[in-house]
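Visitor: The structure follows.
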Amino acid sequence: MASNKFVSNLVTADPGLPRPNPTQSYWQHIPHALADVQSSTFPNDRDFAIIGSGITGLAVAKTLLERHPTATVTVLEARTLCSGATGRNGGQMAANAGEEYMHLAETHGPETAGKIVDFTFRNLEKMHELIEAYDAVGVSEVQRLQKLRVFLTPKKFEDFKASIARLEEDHPSKKGLYVILDADAVGQEYGIHGTAGGALLSAGTVWPYRLITKVFAALLEKYPDRLTIETHTPVESVEHKSTFASPITTDLPYTLHTSRGPLWARTVVHCTNGYSGHLLPKLRGLVHPFKGTMTVQDPKDSVPNQGTSVSWGFHYTPSYDPETKRHGSGLYYLGQSAKTGYFYFGGENARIEESVSADDTFVAEHSVTHLQSVLPQFFGKTDQSNWGLVGSWSGIMGFSSDGLPIVGRLPSTLTGRKGDNEWIAAAFNGYGMANCLMSGEALALMMLGEDVSQWLPIAYGLSWKRLQGSLTISEAVSALGSKL
Ligand SMILES: Cc1cc2nc3c(=O)[nH]c(=O)nc-3n(C[C@H](O)[C@H](O)[C@H](O)COP(=O)(O)OP(=O)(O)OC[C@H]3O[C@@H](n4cnc5c(N)ncnc54)[C@H](O)[C@@H]3O)c2cc1C
């Protein structure tokens, strides 16, 4: 196993800027018309500069534009529009707060743990509301369905059942969110044999790239004088006026140095997820990149198309193979396109230095062949020769040391700069579709002075207690040890 020092060096490394030549994500194989959008003249003074054009940057921009009558907003993106994790993920709309409940209740108490469950399920409903409001049901190929969580090892199943039992005991109104199935039911009703058991929960699947780019396009059309999106514009550094004299006005205290020149802003919003540590070096280790592997596989006619009714998560005890030095992270996730029957299948089987990385310019061949070999087996197929690999790619997630998102105003101890108008929403720990939309909305409302404490879980905030306790480099090292 890797030494703590080695892991610590990995999590604290500079993630760098998003690489200009990432692997080709199947979701983006037909780029949106606005993929390379830029203003003809680079805007250099804005009220809000949002760095990152994923779902979180979108949620912040949308809320600011809708809730503030005059605010000017620029979204800065290093690569093409929505080319980060949001354009490279598994398309699963599912909450994980139920299986995490026991740990959350023990760490934060039942009230906060219950709020996290509510937040994630409500966030998923808001995704559907967004899809309907922007007439994106067809284009995003959204499905409302049941997610079948399958537990491949007895310990995982026992832990899961205990967590759900505690959730239902603490919050009787949440009974029924999860329906537990025994191994026979999983085998007979869903054709997956040899498991320890399973559970069903309401969930969905979606084509996130198409959804987010569509909403960005609608916002640009609605707010042509207040919104600009600047793709291919990496933000190389951020400065506060205490170290740099802004020639425009002292009301715009921040200078964002970009590849296309400086931009002066009143407020800086970091929606850079796995790359957050590049512009915020003091956040390195508290948030670190985690590289995920995705495949699209064509089962041809060997299994029925269940894309309108079910998606799957396969949980197992994290594994380590001393010979290959590869870790199995404990989860495979799977959705099926109702249109094509293609499986969208992801999960990690990689060396630690491959996983704790912000380099999405390649995808390890052994990780892809692993995903090719295990998927047919879940459906009892030993002959894989008929299955085709349609695509494979990697993408960068943001993980926090305590497994929770980070949403709030950044203290100067984390920015390393004077000024108190830098904000962040990041570190969705692989569950962005259940967290990003409302985290971005909450962040924007906080910036506008609204109180969101009724619905934003307090544990997502950057409290002094969190920064002293669970959000630390040593916690990141031990959390990785338990995940990998
Ligand atoms: C392989 C994989 C599978 C996943 N599967 C799922 C899933 O099935 N379900 C689920 O809920 N979640 C999943 N996730 C997680 C989910 O995709 C993320 O949590 C979510 O998309 C994060 O959105 P975001 O907007 O915060 O970050 P991102 O979408 O990563 O956006 C951040 C953007 O910031 C840009 N950026 C960074 N630094 C700079 C800079 N200095 N200057 C300019 N631009 C910059 C990046 O290029 C990027 O576009 C998966 C992620 C991956 C990688």
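Labels used: A, B, ... for chains in the order of the structure tokens, numbers from 1 for residues in each chain, and numbers from 1 for ligands as shown.
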As JSON, numbers by chain, please: every residue in segment 46-295 of chain A that a backbone DSSP assignment puts in alpha helix (DSSP H).

Guide: {"A": [55, 56, 57, 58, 59, 60, 61, 62, 63, 64, 65, 66, 67, 97, 98, 99, 100, 101, 102, 103, 104, 105, 106, 107, 108, 110, 111, 112, 113, 114, 115, 116, 117, 118, 119, 120, 121, 122, 123, 124, 125, 126, 127, 128, 129, 130, 131, 132, 133, 154, 155, 156, 157, 158, 159, 160, 161, 162, 163, 164, 165, 166, 167, 168, 169, 170, 183, 184, 185, 186, 187, 188, 189, 190, 208, 209, 210, 211, 212, 213, 214, 215, 216, 217, 218, 219, 220, 221, 222, 276, 277, 278, 279]}

Visitor: Any chance you could tabulate, as CSV, the residues of segment 24-59 of chain A at most 12 Å from segment 343-348 of chain A with each one's nearest atom pair and distance in Å to one decimal, using only C-alpha atoms, in chain and rising number order?

Guide:
```
residue,atom,partner,partner_atom,distance
A:Ser25,CA,A:Tyr344,CA,11.2
A:Tyr26,CA,A:Tyr344,CA,9.5
A:Trp27,CA,A:Tyr344,CA,10.1
```

Visitor: I'd like the contact shell of segment 268-284 of chain A - 7 Å cut-off, only C-alpha atoms, skipping same-chain residues fewer than 3 positions apart - returned as number ranges by chain.

Guide: A: 11-17, 48-52, 56-57, 237-238, 265, 287-289, 396-398, 414-415, 421-427

Visitor: Report as JSON lines the residues of chain A within 6 Å of ligand 1, each with its shortest atom pair and distance in Å (one decimal), using only C-alpha atoms and all ligand atoms, ordered by chain and increasing residue number.

Guide:
```
{"residue": "A:Leu17", "atom": "CA", "partner": "ligand 1", "partner_atom_place_in_ligand_line": "41 (N)", "distance": 5.3}
{"residue": "A:Pro18", "atom": "CA", "partner": "ligand 1", "partner_atom_place_in_ligand_line": "47 (O)", "distance": 5.1}
{"residue": "A:Ile51", "atom": "CA", "partner": "ligand 1", "partner_atom_place_in_ligand_line": "43 (C)", "distance": 5.3}
{"residue": "A:Gly52", "atom": "CA", "partner": "ligand 1", "partner_atom_place_in_ligand_line": "34 (O)", "distance": 3.2}
{"residue": "A:Ser53", "atom": "CA", "partner": "ligand 1", "partner_atom_place_in_ligand_line": "49 (O)", "distance": 5.0}
{"residue": "A:Gly54", "atom": "CA", "partner": "ligand 1", "partner_atom_place_in_ligand_line": "25 (O)", "distance": 3.3}
{"residue": "A:Ile55", "atom": "CA", "partner": "ligand 1", "partner_atom_place_in_ligand_line": "25 (O)", "distance": 4.1}
{"residue": "A:Thr56", "atom": "CA", "partner": "ligand 1", "partner_atom_place_in_ligand_line": "25 (O)", "distance": 3.8}
{"residue": "A:Gly57", "atom": "CA", "partner": "ligand 1", "partner_atom_place_in_ligand_line": "25 (O)", "distance": 5.5}
{"residue": "A:Leu76", "atom": "CA", "partner": "ligand 1", "partner_atom_place_in_ligand_line": "43 (C)", "distance": 5.3}
{"residue": "A:Glu77", "atom": "CA", "partner": "ligand 1", "partner_atom_place_in_ligand_line": "44 (N)", "distance": 3.7}
{"residue": "A:Ala78", "atom": "CA", "partner": "ligand 1", "partner_atom_place_in_ligand_line": "43 (C)", "distance": 3.8}
{"residue": "A:Arg79", "atom": "CA", "partner": "ligand 1", "partner_atom_place_in_ligand_line": "47 (O)", "distance": 5.4}
{"residue": "A:Cys82", "atom": "CA", "partner": "ligand 1", "partner_atom_place_in_ligand_line": "49 (O)", "distance": 5.0}
{"residue": "A:Ser83", "atom": "CA", "partner": "ligand 1", "partner_atom_place_in_ligand_line": "49 (O)", "distance": 4.6}
{"residue": "A:Gly84", "atom": "CA", "partner": "ligand 1", "partner_atom_place_in_ligand_line": "49 (O)", "distance": 3.6}
{"residue": "A:Ala85", "atom": "CA", "partner": "ligand 1", "partner_atom_place_in_ligand_line": "30 (O)", "distance": 3.8}
{"residue": "A:Thr86", "atom": "CA", "partner": "ligand 1", "partner_atom_place_in_ligand_line": "21 (O)", "distance": 3.3}
{"residue": "A:Arg88", "atom": "CA", "partner": "ligand 1", "partner_atom_place_in_ligand_line": "53 (C)", "distance": 5.6}
{"residue": "A:Asn89", "atom": "CA", "partner": "ligand 1", "partner_atom_place_in_ligand_line": "3 (C)", "distance": 3.4}
{"residue": "A:Gly90", "atom": "CA", "partner": "ligand 1", "partner_atom_place_in_ligand_line": "8 (O)", "distance": 3.4}
{"residue": "A:Gly91", "atom": "CA", "partner": "ligand 1", "partner_atom_place_in_ligand_line": "8 (O)", "distance": 4.4}
{"residue": "A:Gln92", "atom": "CA", "partner": "ligand 1", "partner_atom_place_in_ligand_line": "8 (O)", "distance": 3.6}
{"residue": "A:Met93", "atom": "CA", "partner": "ligand 1", "partner_atom_place_in_ligand_line": "11 (O)", "distance": 5.5}
{"residue": "A:Pro234", "atom": "CA", "partner": "ligand 1", "partner_atom_place_in_ligand_line": "42 (N)", "distance": 3.7}
{"residue": "A:Val235", "atom": "CA", "partner": "ligand 1", "partner_atom_place_in_ligand_line": "42 (N)", "distance": 3.9}
{"residue": "A:Glu236", "atom": "CA", "partner": "ligand 1", "partner_atom_place_in_ligand_line": "41 (N)", "distance": 5.7}
{"residue": "A:Cys271", "atom": "CA", "partner": "ligand 1", "partner_atom_place_in_ligand_line": "26 (O)", "distance": 5.5}
{"residue": "A:Thr272", "atom": "CA", "partner": "ligand 1", "partner_atom_place_in_ligand_line": "34 (O)", "distance": 3.8}
{"residue": "A:Asn273", "atom": "CA", "partner": "ligand 1", "partner_atom_place_in_ligand_line": "26 (O)", "distance": 4.7}
{"residue": "A:Tyr275", "atom": "CA", "partner": "ligand 1", "partner_atom_place_in_ligand_line": "38 (N)", "distance": 5.0}
{"residue": "A:Gly292", "atom": "CA", "partner": "ligand 1", "partner_atom_place_in_ligand_line": "1 (C)", "distance": 3.9}
{"residue": "A:Thr293", "atom": "CA", "partner": "ligand 1", "partner_atom_place_in_ligand_line": "1 (C)", "distance": 4.9}
{"residue": "A:Met294", "atom": "CA", "partner": "ligand 1", "partner_atom_place_in_ligand_line": "1 (C)", "distance": 5.2}
{"residue": "A:Ser394", "atom": "CA", "partner": "ligand 1", "partner_atom_place_in_ligand_line": "1 (C)", "distance": 5.6}
{"residue": "A:Gly395", "atom": "CA", "partner": "ligand 1", "partner_atom_place_in_ligand_line": "53 (C)", "distance": 3.6}
{"residue": "A:Ile396", "atom": "CA", "partner": "ligand 1", "partner_atom_place_in_ligand_line": "53 (C)", "distance": 4.3}
{"residue": "A:Met397", "atom": "CA", "partner": "ligand 1", "partner_atom_place_in_ligand_line": "53 (C)", "distance": 4.7}
{"residue": "A:Ala426", "atom": "CA", "partner": "ligand 1", "partner_atom_place_in_ligand_line": "26 (O)", "distance": 5.2}
{"residue": "A:Phe428", "atom": "CA", "partner": "ligand 1", "partner_atom_place_in_ligand_line": "19 (O)", "distance": 4.6}
{"residue": "A:Gly430", "atom": "CA", "partner": "ligand 1", "partner_atom_place_in_ligand_line": "15 (C)", "distance": 3.9}
{"residue": "A:Tyr431", "atom": "CA", "partner": "ligand 1", "partner_atom_place_in_ligand_line": "11 (O)", "distance": 3.6}
{"residue": "A:Gly432", "atom": "CA", "partner": "ligand 1", "partner_atom_place_in_ligand_line": "19 (O)", "distance": 3.2}
{"residue": "A:Met433", "atom": "CA", "partner": "ligand 1", "partner_atom_place_in_ligand_line": "11 (O)", "distance": 3.5}
{"residue": "A:Ala434", "atom": "CA", "partner": "ligand 1", "partner_atom_place_in_ligand_line": "11 (O)", "distance": 5.4}
```

Visitor: According to DSSP computed on the backbone, where in segment 278-396 of chain A is there strand (DSSP E or B)? Give the residues as a ChimeraX atom specification.

Guide: /A:284,287-298,310-315,319-321,326-336,343-351,388-396

Visitor: Mind checking which residues fall within 7 Å of segment 167-178 of chain A, counting only C-alpha atoms, ignoring those fewer than 2 positions away in the same chain, and posting them as a list in words?

Guide: Tyr101, Pro110, Ser163, Ile164, Ala165, Ile180, Ala199, Leu200 and Leu201 of chain A

Visitor: Would you output that residue set with N, CA and C atoms, as a short mmCIF file (atom, residue, chain, number, x, y, z; two decimals), in the first residue's frame?

Guide:
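Result written to selection_4.cif:
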```cif
data_model
loop_
_atom_site.label_atom_id
_atom_site.label_comp_id
_atom_site.auth_asym_id
_atom_site.auth_seq_id
_atom_site.Cartn_x
_atom_site.Cartn_y
_atom_site.Cartn_z
N TYR A 101 -25.86 7.96 5.61
CA TYR A 101 -26.58 8.56 6.73
C TYR A 101 -25.95 8.23 8.09
N PRO A 110 -28.24 13.89 13.95
CA PRO A 110 -29.35 13.48 13.07
C PRO A 110 -30.01 14.64 12.34
N SER A 163 -27.61 1.70 8.00
CA SER A 163 -27.71 3.14 7.76
C SER A 163 -29.15 3.54 7.47
N ILE A 164 -29.82 2.75 6.66
CA ILE A 164 -31.22 3.08 6.32
C ILE A 164 -32.11 2.91 7.55
N ALA A 165 -31.84 1.87 8.35
CA ALA A 165 -32.64 1.67 9.57
C ALA A 165 -32.49 2.88 10.51
N ILE A 180 -35.62 -2.05 0.59
CA ILE A 180 -34.56 -3.06 0.66
C ILE A 180 -35.03 -4.36 -0.03
N ALA A 199 -31.22 -2.58 -3.05
CA ALA A 199 -32.22 -1.60 -2.61
C ALA A 199 -32.63 -0.75 -3.80
N LEU A 200 -33.87 -0.27 -3.75
CA LEU A 200 -34.37 0.61 -4.81
C LEU A 200 -34.58 2.01 -4.25
N LEU A 201 -34.32 3.01 -5.06
CA LEU A 201 -34.67 4.38 -4.70
C LEU A 201 -35.05 5.14 -5.95
#
```

Visitor: Mind checking which residues fall within 8 Å of Glu354 of chain A, counting only C-alpha atoms, ignoring those fewer than 3 positions away in the same chain, and posting them as a list in words?

Guide: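 Here the qualifying residues turn out to be Lys291, Ala350, Arg351, Ser357 and Ala364 of chain A.
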
Visitor: Would you mind listing what lies within 10 Å of segment 125-127 of chain A as number ranges by chain, with only C-alpha atoms counted and same-chain residues fewer than 5 positions away left out?

Guide: A: 93, 119-120, 132-133, 142, 203-204, 206, 211, 433-438

Visitor: Between A:Gln336, A:Phe216, A:Met102, A:Thr233, which residue has the minimum interatomic distance to Leu145 of chain A, considering only C-alpha atoms?

Guide: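 Nearest candidate to Leu145 of chain A out of A:Gln336, A:Phe216, A:Met102, A:Thr233: A:Gln336.
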
Visitor: Report, in Å to a single decimal, how far apart atom CA of Leu445 of chain A and atom CA of Thr112 of chain A are.

Guide: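 Between atom CA of Thr112 of chain A and atom CA of Leu445 of chain A the gap is 20.4 Å.
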
Visitor: Take atom CA of Arg266 of chain A and atom CA of Leu227 of chain A and report the distance between them in Å, one decimal.

Guide: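 Atom-to-atom, atom CA of Arg266 of chain A to atom CA of Leu227 of chain A, that is 15.0 Å.
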
Visitor: Taking only C-alpha atoms into account, name the residue in A:Arg417, A:Ala105, A:Phe157, A:Asp182 that is nearest to Tyr254 of chain A.

Guide: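 Ranking A:Arg417, A:Ala105, A:Phe157, A:Asp182 by distance to Tyr254 of chain A, first place goes to A:Arg417.
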
Visitor: Could you list, as an NGL selection string, every residue within 10 Å of His370 of chain A, counting only C-alpha atoms and ignoring same-chain residues fewer than 2 positions away?

Guide: :A and (347-350 or 365-368 or 372-375)

Visitor: Can those selected residues be exported to a file as an mmCIF file, in the first residue's frame so that it contains N, CA and C atoms?

Guide:
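Wrote selection_20.cif, looks like this:
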```
data_model
loop_
_atom_site.group_PDB
_atom_site.id
_atom_site.type_symbol
_atom_site.label_atom_id
_atom_site.label_comp_id
_atom_site.auth_asym_id
_atom_site.auth_seq_id
_atom_site.Cartn_x
_atom_site.Cartn_y
_atom_site.Cartn_z
ATOM 1 N N GLY A 347 -16.473 3.417 -13.124
ATOM 2 C CA GLY A 347 -15.993 2.886 -11.850
ATOM 3 C C GLY A 347 -14.478 2.832 -11.905
ATOM 4 N N GLU A 348 -13.870 2.774 -10.740
ATOM 5 C CA GLU A 348 -12.406 2.898 -10.719
ATOM 6 C C GLU A 348 -11.688 1.600 -10.384
ATOM 7 N N ASN A 349 -10.735 1.277 -11.218
ATOM 8 C CA ASN A 349 -9.796 0.207 -10.919
ATOM 9 C C ASN A 349 -8.464 0.702 -11.450
ATOM 10 N N ALA A 350 -7.699 1.347 -10.585
ATOM 11 C CA ALA A 350 -6.510 2.073 -11.050
ATOM 12 C C ALA A 350 -5.528 2.218 -9.907
ATOM 13 N N GLU A 365 -5.544 2.189 -20.037
ATOM 14 C CA GLU A 365 -6.119 1.068 -20.781
ATOM 15 C C GLU A 365 -6.610 -0.028 -19.843
ATOM 16 N N HIS A 366 -5.823 -0.269 -18.748
ATOM 17 C CA HIS A 366 -6.261 -1.362 -17.853
ATOM 18 C C HIS A 366 -7.577 -1.011 -17.157
ATOM 19 N N SER A 367 -7.817 0.285 -16.928
ATOM 20 C CA SER A 367 -9.088 0.670 -16.295
ATOM 21 C C SER A 367 -10.245 0.418 -17.240
ATOM 22 N N VAL A 368 -10.016 0.678 -18.513
ATOM 23 C CA VAL A 368 -11.080 0.461 -19.512
ATOM 24 C C VAL A 368 -11.331 -1.034 -19.710
ATOM 25 N N GLN A 372 -14.725 -3.200 -19.214
ATOM 26 C CA GLN A 372 -15.278 -4.061 -20.278
ATOM 27 C C GLN A 372 -15.500 -5.476 -19.781
ATOM 28 N N SER A 373 -14.594 -5.927 -18.907
ATOM 29 C CA SER A 373 -14.711 -7.329 -18.485
ATOM 30 C C SER A 373 -15.782 -7.527 -17.418
ATOM 31 N N VAL A 374 -15.993 -6.530 -16.535
ATOM 32 C CA VAL A 374 -16.949 -6.783 -15.441
ATOM 33 C C VAL A 374 -18.403 -6.567 -15.852
ATOM 34 N N LEU A 375 -18.652 -5.632 -16.782
ATOM 35 C CA LEU A 375 -20.056 -5.294 -17.068
ATOM 36 C C LEU A 375 -20.892 -6.491 -17.537
#
```

Visitor: Which residue is closest to Gly416 of chain A? Choose from A:Glu141, A:Asp36, A:Glu239, A:Asp184 and count only C-alpha atoms.

Guide: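 Once distances to Gly416 of chain A are computed over only C-alpha atoms, the minimum belongs to A:Glu239.
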